file data.cif (mmCIF, C-alpha atoms)
data_structure
loop_
_atom_site.group_PDB
_atom_site.id
_atom_site.type_symbol
_atom_site.label_atom_id
_atom_site.label_comp_id
_atom_site.auth_asym_id
_atom_site.auth_seq_id
_atom_site.Cartn_x
_atom_site.Cartn_y
_atom_site.Cartn_z
ATOM 1 C CA VAL A 299 2.313 18.935 2.593
ATOM 2 C CA GLN A 300 2.279 15.216 1.931
ATOM 3 C CA LEU A 301 4.400 12.257 2.946
ATOM 4 C CA GLN A 302 4.376 9.467 0.384
ATOM 5 C CA ALA A 303 5.491 6.050 1.624
ATOM 6 C CA SER A 304 6.460 3.316 -0.797
ATOM 7 C CA GLY A 305 8.485 0.144 -1.097
ATOM 8 C CA GLY A 306 6.326 -2.355 0.717
ATOM 9 C CA GLY A 307 5.558 -5.769 -0.667
ATOM 10 C CA LEU A 308 5.691 -9.492 -0.143
ATOM 11 C CA VAL A 309 9.015 -11.050 0.787
ATOM 12 C CA GLN A 310 10.174 -14.359 2.186
ATOM 13 C CA ALA A 311 11.631 -14.608 5.662
ATOM 14 C CA GLY A 312 15.274 -13.619 5.591
ATOM 15 C CA GLY A 313 14.747 -11.240 2.712
ATOM 16 C CA SER A 314 15.095 -7.481 2.477
ATOM 17 C CA LEU A 315 12.997 -4.476 1.566
ATOM 18 C CA ARG A 316 13.713 -0.765 1.415
ATOM 19 C CA LEU A 317 10.942 1.636 2.296
ATOM 20 C CA SER A 318 10.970 5.254 1.190
ATOM 21 C CA CYS A 319 9.072 8.237 2.523
ATOM 22 C CA ALA A 320 9.184 11.246 0.237
ATOM 23 C CA GLY A 321 7.971 14.588 1.440
ATOM 24 C CA SER A 322 6.329 17.084 -0.878
ATOM 25 C CA GLY A 323 6.158 20.623 0.341
ATOM 26 C CA LYS A 324 8.184 22.112 3.131
ATOM 27 C CA ILE A 325 7.378 21.475 6.786
ATOM 28 C CA ILE A 326 8.697 24.176 9.083
ATOM 29 C CA GLY A 327 10.490 23.084 12.201
ATOM 30 C CA VAL A 328 10.936 19.362 11.576
ATOM 31 C CA ASN A 329 13.083 17.873 14.314
ATOM 32 C CA ALA A 330 12.551 14.157 13.749
ATOM 33 C CA ARG A 331 11.372 11.706 11.153
ATOM 34 C CA ALA A 332 10.272 8.205 11.958
ATOM 35 C CA TRP A 333 8.828 4.931 10.803
ATOM 36 C CA TYR A 334 6.017 3.233 12.712
ATOM 37 C CA ARG A 335 4.224 -0.011 12.029
ATOM 38 C CA GLN A 336 0.890 -1.511 12.897
ATOM 39 C CA ALA A 337 0.237 -5.217 12.748
ATOM 40 C CA PRO A 338 -3.306 -6.612 12.633
ATOM 41 C CA GLY A 339 -4.934 -6.362 16.032
ATOM 42 C CA LYS A 340 -2.018 -4.458 17.530
ATOM 43 C CA GLU A 341 -1.288 -0.859 18.350
ATOM 44 C CA ARG A 342 0.936 1.283 16.185
ATOM 45 C CA GLU A 343 4.532 1.147 17.404
ATOM 46 C CA LEU A 344 7.693 3.091 16.742
ATOM 47 C CA VAL A 345 10.159 1.172 14.588
ATOM 48 C CA ALA A 346 12.922 3.696 13.988
ATOM 49 C CA GLU A 347 13.513 7.407 14.335
ATOM 50 C CA ILE A 348 16.147 9.838 13.119
ATOM 51 C CA VAL A 349 16.498 13.293 14.620
ATOM 52 C CA ASN A 350 17.985 16.433 13.162
ATOM 53 C CA ASN A 351 21.486 15.819 14.479
ATOM 54 C CA GLY A 352 21.491 12.411 12.851
ATOM 55 C CA LEU A 353 21.026 10.337 15.972
ATOM 56 C CA THR A 354 18.867 7.282 15.528
ATOM 57 C CA ASN A 355 16.655 5.204 17.760
ATOM 58 C CA TYR A 356 15.316 1.702 17.092
ATOM 59 C CA GLU A 357 12.739 -0.593 18.567
ATOM 60 C CA ASP A 358 14.568 -3.473 20.216
ATOM 61 C CA SER A 359 13.379 -6.231 17.894
ATOM 62 C CA VAL A 360 14.713 -4.470 14.777
ATOM 63 C CA LYS A 361 18.106 -3.407 16.118
ATOM 64 C CA GLY A 362 20.861 -4.761 13.909
ATOM 65 C CA ARG A 363 18.404 -5.582 11.119
ATOM 66 C CA PHE A 364 16.811 -2.268 10.163
ATOM 67 C CA THR A 365 18.536 0.989 9.300
ATOM 68 C CA ILE A 366 16.890 4.393 9.036
ATOM 69 C CA SER A 367 18.549 7.024 6.889
ATOM 70 C CA ARG A 368 17.683 10.261 5.153
ATOM 71 C CA ASP A 369 18.475 12.291 2.074
ATOM 72 C CA ILE A 370 17.914 15.881 3.108
ATOM 73 C CA LYS A 371 18.152 17.250 -0.423
ATOM 74 C CA LYS A 372 15.487 14.835 -1.608
ATOM 75 C CA ASN A 373 13.389 15.339 1.543
ATOM 76 C CA THR A 374 13.209 11.566 1.806
ATOM 77 C CA VAL A 375 13.661 9.111 4.642
ATOM 78 C CA TYR A 376 14.449 5.443 4.081
ATOM 79 C CA LEU A 377 14.080 2.274 6.097
ATOM 80 C CA GLN A 378 16.344 -0.546 4.989
ATOM 81 C CA MET A 379 14.963 -3.782 6.385
ATOM 82 C CA ASN A 380 17.138 -6.885 6.318
ATOM 83 C CA SER A 381 16.692 -10.365 7.752
ATOM 84 C CA LEU A 382 12.949 -9.889 7.730
ATOM 85 C CA ARG A 383 10.820 -12.101 9.930
ATOM 86 C CA PRO A 384 7.138 -13.022 9.718
ATOM 87 C CA GLU A 385 6.546 -10.923 12.840
ATOM 88 C CA ASP A 386 7.677 -7.849 10.900
ATOM 89 C CA THR A 387 4.496 -8.132 8.854
ATOM 90 C CA ALA A 388 2.579 -4.880 9.274
ATOM 91 C CA VAL A 389 1.511 -1.681 7.639
ATOM 92 C CA TYR A 390 4.445 0.723 7.880
ATOM 93 C CA PHE A 391 3.835 4.461 8.276
ATOM 94 C CA CYS A 392 6.257 7.342 8.115
ATOM 95 C CA ASN A 393 5.917 10.632 9.942
ATOM 96 C CA SER A 394 7.563 13.955 10.500
ATOM 97 C CA LYS A 395 7.507 15.661 13.887
ATOM 98 C CA THR A 396 8.021 19.357 14.448
ATOM 99 C CA VAL A 397 9.317 21.432 17.321
ATOM 100 C CA TYR A 398 5.807 22.895 17.563
ATOM 101 C CA GLY A 399 4.338 19.528 18.483
ATOM 102 C CA ARG A 400 2.691 18.828 15.156
ATOM 103 C CA VAL A 401 2.976 15.419 13.545
ATOM 104 C CA TYR A 402 2.488 14.726 9.853
ATOM 105 C CA TRP A 403 1.696 11.178 8.757
ATOM 106 C CA GLY A 404 2.098 9.488 5.423
ATOM 107 C CA GLN A 405 -0.196 6.766 4.175
ATOM 108 C CA GLY A 406 0.884 3.254 5.049
ATOM 109 C CA THR A 407 2.714 0.733 2.948
ATOM 110 C CA LEU A 408 2.088 -2.955 3.572
ATOM 111 C CA VAL A 409 4.978 -5.282 4.309
ATOM 112 C CA THR A 410 4.197 -8.998 4.321
ATOM 113 C CA VAL A 411 6.861 -11.504 5.305
ATOM 114 C CA SER A 412 6.093 -15.123 4.541
ATOM 115 C CA SER A 413 7.636 -17.990 6.478
#
call {"tool": "encode", "arguments": {"input": "data.cif", "output": "structure tokens"}}
result
Amino acid sequence: VQLQASGGGLVQAGGSLRLSCAGSGKIIGVNARAWYRQAPGKERELVAEIVNNGLTNYEDSVKGRFTISRDIKKNTVYLQMNSLRPEDTAVYFCNSKTVYGRVYWGQGTLVTVSS
């Protein structure tokens, strides 16, 4: 089972990026999928999460700017990021959480927002 994150890059402040996290292989018991980020010198933090019933949760600073969504058939989760700010610069990671307490992580994708 692998989670493949993509879509990062360099963008100017105010711009947009769309991250994708494609899962290969089936994970039994997934109840949530999420995006985290880790900026240099900082701890990894939750950015957005979507649970099985479709409810979403966002970190306060990204509310109204970022949108998490999923394509169940494609086993892919997306993070649409609009109105990007320099403080959004970080390595973004996706994960899948299961009802059994296991967490699967994808590799990170770097997002750099220039001012």
call {"tool": "closest_residue", "arguments": {"input": "data.cif", "among": "A:Ser394, A:Ser314, A:Gln405, A:Ser304", "to": "Asn373 of chain A", "atoms": "all atoms listed in the file"}}
result
A:Ser394
call {"tool": "residues_around", "arguments": {"input": "data.cif", "residues": "Cys319 of chain A", "least_positions_apart": "5", "cutoff": "10 Å", "atoms": "all atoms listed in the file", "output": "PyMOL selection string"}}
result
chain A and resi 300-305+331-333+368+373-377+391-394+404-407
call {"tool": "write_last_selection", "arguments": {"input": "data.cif", "atoms": "C-alpha atoms", "output": "PDB file, in the coordinates of the input"}}
result
ATOM      1  CA  GLN A 300       2.279  15.216   1.931  1.00  0.00           C
ATOM      2  CA  LEU A 301       4.400  12.257   2.946  1.00  0.00           C
ATOM      3  CA  GLN A 302       4.376   9.467   0.384  1.00  0.00           C
ATOM      4  CA  ALA A 303       5.491   6.050   1.624  1.00  0.00           C
ATOM      5  CA  SER A 304       6.460   3.316  -0.797  1.00  0.00           C
ATOM      6  CA  GLY A 305       8.485   0.144  -1.097  1.00  0.00           C
ATOM      7  CA  ARG A 331      11.372  11.706  11.153  1.00  0.00           C
ATOM      8  CA  ALA A 332      10.272   8.205  11.958  1.00  0.00           C
ATOM      9  CA  TRP A 333       8.828   4.931  10.803  1.00  0.00           C
ATOM     10  CA  ARG A 368      17.683  10.261   5.153  1.00  0.00           C
ATOM     11  CA  ASN A 373      13.389  15.339   1.543  1.00  0.00           C
ATOM     12  CA  THR A 374      13.209  11.566   1.806  1.00  0.00           C
ATOM     13  CA  VAL A 375      13.661   9.111   4.642  1.00  0.00           C
ATOM     14  CA  TYR A 376      14.449   5.443   4.081  1.00  0.00           C
ATOM     15  CA  LEU A 377      14.080   2.274   6.097  1.00  0.00           C
ATOM     16  CA  PHE A 391       3.835   4.461   8.276  1.00  0.00           C
ATOM     17  CA  CYS A 392       6.257   7.342   8.115  1.00  0.00           C
ATOM     18  CA  ASN A 393       5.917  10.632   9.942  1.00  0.00           C
ATOM     19  CA  SER A 394       7.563  13.955  10.500  1.00  0.00           C
ATOM     20  CA  GLY A 404       2.098   9.488   5.423  1.00  0.00           C
ATOM     21  CA  GLN A 405      -0.196   6.766   4.175  1.00  0.00           C
ATOM     22  CA  GLY A 406       0.884   3.254   5.049  1.00  0.00           C
ATOM     23  CA  THR A 407       2.714   0.733   2.948  1.00  0.00           C
TER      24      THR A 407
END
call {"tool": "closest_residue", "arguments": {"input": "data.cif", "among": "A:Val360, A:Leu308, A:Ala337, A:Val389", "to": "Ser412 of chain A", "atoms": "all atoms listed in the file"}}
result
A:Leu308
call {"tool": "resolve_selection", "arguments": {"input": "data.cif", "expression": "the PyMOL selection byres ((chain A and resi 366) around 12)", "output": "PyMOL selection string"}}
result
chain A and resi 316-319+330-334+345-349+352-357+360-365+367-369+374-380+392
call {"tool": "atom_distance", "arguments": {"input": "data.cif", "atom1": "atom CA of Tyr398 of chain A", "atom2": "atom CA of Arg335 of chain A"}}
result
23.6 Å
call {"tool": "build_atoms", "arguments": {"input": "data.cif", "residues": "segment 310-321 of chain A", "atoms": "all heavy atoms", "output": "CSV table (one decimal), in the coordinates of the input"}}
result
chain,number,residue,atom,x,y,z
A,310,GLN,N,10.0,-13.2,1.4
A,310,GLN,CA,10.2,-14.4,2.2
A,310,GLN,C,11.0,-14.0,3.4
A,310,GLN,O,11.8,-13.1,3.4
A,310,GLN,CB,10.9,-15.5,1.4
A,310,GLN,CG,10.0,-16.1,0.3
A,310,GLN,CD,10.6,-17.3,-0.3
A,310,GLN,OE1,11.8,-17.4,-0.4
A,310,GLN,NE2,9.8,-18.3,-0.7
A,311,ALA,N,10.8,-14.8,4.5
A,311,ALA,CA,11.6,-14.6,5.7
A,311,ALA,C,13.1,-14.7,5.3
A,311,ALA,O,13.6,-15.5,4.5
A,311,ALA,CB,11.3,-15.7,6.7
A,312,GLY,N,13.9,-13.7,5.9
A,312,GLY,CA,15.3,-13.6,5.6
A,312,GLY,C,15.6,-12.6,4.5
A,312,GLY,O,16.8,-12.3,4.3
A,313,GLY,N,14.6,-12.2,3.8
A,313,GLY,CA,14.7,-11.2,2.7
A,313,GLY,C,14.8,-9.8,3.2
A,313,GLY,O,14.9,-9.5,4.4
A,314,SER,N,14.9,-8.9,2.2
A,314,SER,CA,15.1,-7.5,2.5
A,314,SER,C,14.1,-6.6,1.7
A,314,SER,O,13.7,-7.0,0.6
A,314,SER,CB,16.5,-7.0,2.1
A,314,SER,OG,17.5,-7.7,2.9
A,315,LEU,N,13.8,-5.5,2.2
A,315,LEU,CA,13.0,-4.5,1.6
A,315,LEU,C,13.5,-3.1,2.0
A,315,LEU,O,14.1,-3.0,3.1
A,315,LEU,CB,11.5,-4.6,1.9
A,315,LEU,CG,10.7,-5.7,1.3
A,315,LEU,CD1,9.3,-5.6,2.0
A,315,LEU,CD2,10.5,-5.5,-0.2
A,316,ARG,N,13.3,-2.1,1.1
A,316,ARG,CA,13.7,-0.8,1.4
A,316,ARG,C,12.5,0.1,1.2
A,316,ARG,O,11.9,0.2,0.1
A,316,ARG,CB,14.8,-0.3,0.5
A,316,ARG,CG,15.4,1.1,0.9
A,316,ARG,CD,16.3,1.6,-0.2
A,316,ARG,NE,17.1,2.7,0.2
A,316,ARG,CZ,17.6,3.6,-0.7
A,316,ARG,NH1,17.3,3.6,-1.9
A,316,ARG,NH2,18.3,4.6,-0.2
A,317,LEU,N,12.1,0.7,2.3
A,317,LEU,CA,10.9,1.6,2.3
A,317,LEU,C,11.4,3.1,2.1
A,317,LEU,O,12.5,3.4,2.6
A,317,LEU,CB,10.1,1.6,3.6
A,317,LEU,CG,9.6,0.2,4.0
A,317,LEU,CD1,8.8,0.3,5.3
A,317,LEU,CD2,8.9,-0.5,2.9
A,318,SER,N,10.7,3.8,1.4
A,318,SER,CA,11.0,5.3,1.2
A,318,SER,C,9.8,6.1,1.6
A,318,SER,O,8.6,5.7,1.5
A,318,SER,CB,11.3,5.5,-0.3
A,318,SER,OG,12.4,4.8,-0.7
A,319,CYS,N,10.1,7.3,2.1
A,319,CYS,CA,9.1,8.2,2.5
A,319,CYS,C,9.5,9.6,2.0
A,319,CYS,O,10.4,10.2,2.5
A,319,CYS,CB,8.9,8.3,4.0
A,319,CYS,SG,7.7,9.5,4.6
A,320,ALA,N,8.8,10.0,0.9
A,320,ALA,CA,9.2,11.2,0.2
A,320,ALA,C,8.2,12.3,0.7
A,320,ALA,O,7.0,12.2,0.6
A,320,ALA,CB,9.1,11.1,-1.3
A,321,GLY,N,8.8,13.5,1.0
A,321,GLY,CA,8.0,14.6,1.4
A,321,GLY,C,7.8,15.6,0.3
A,321,GLY,O,8.8,15.9,-0.4
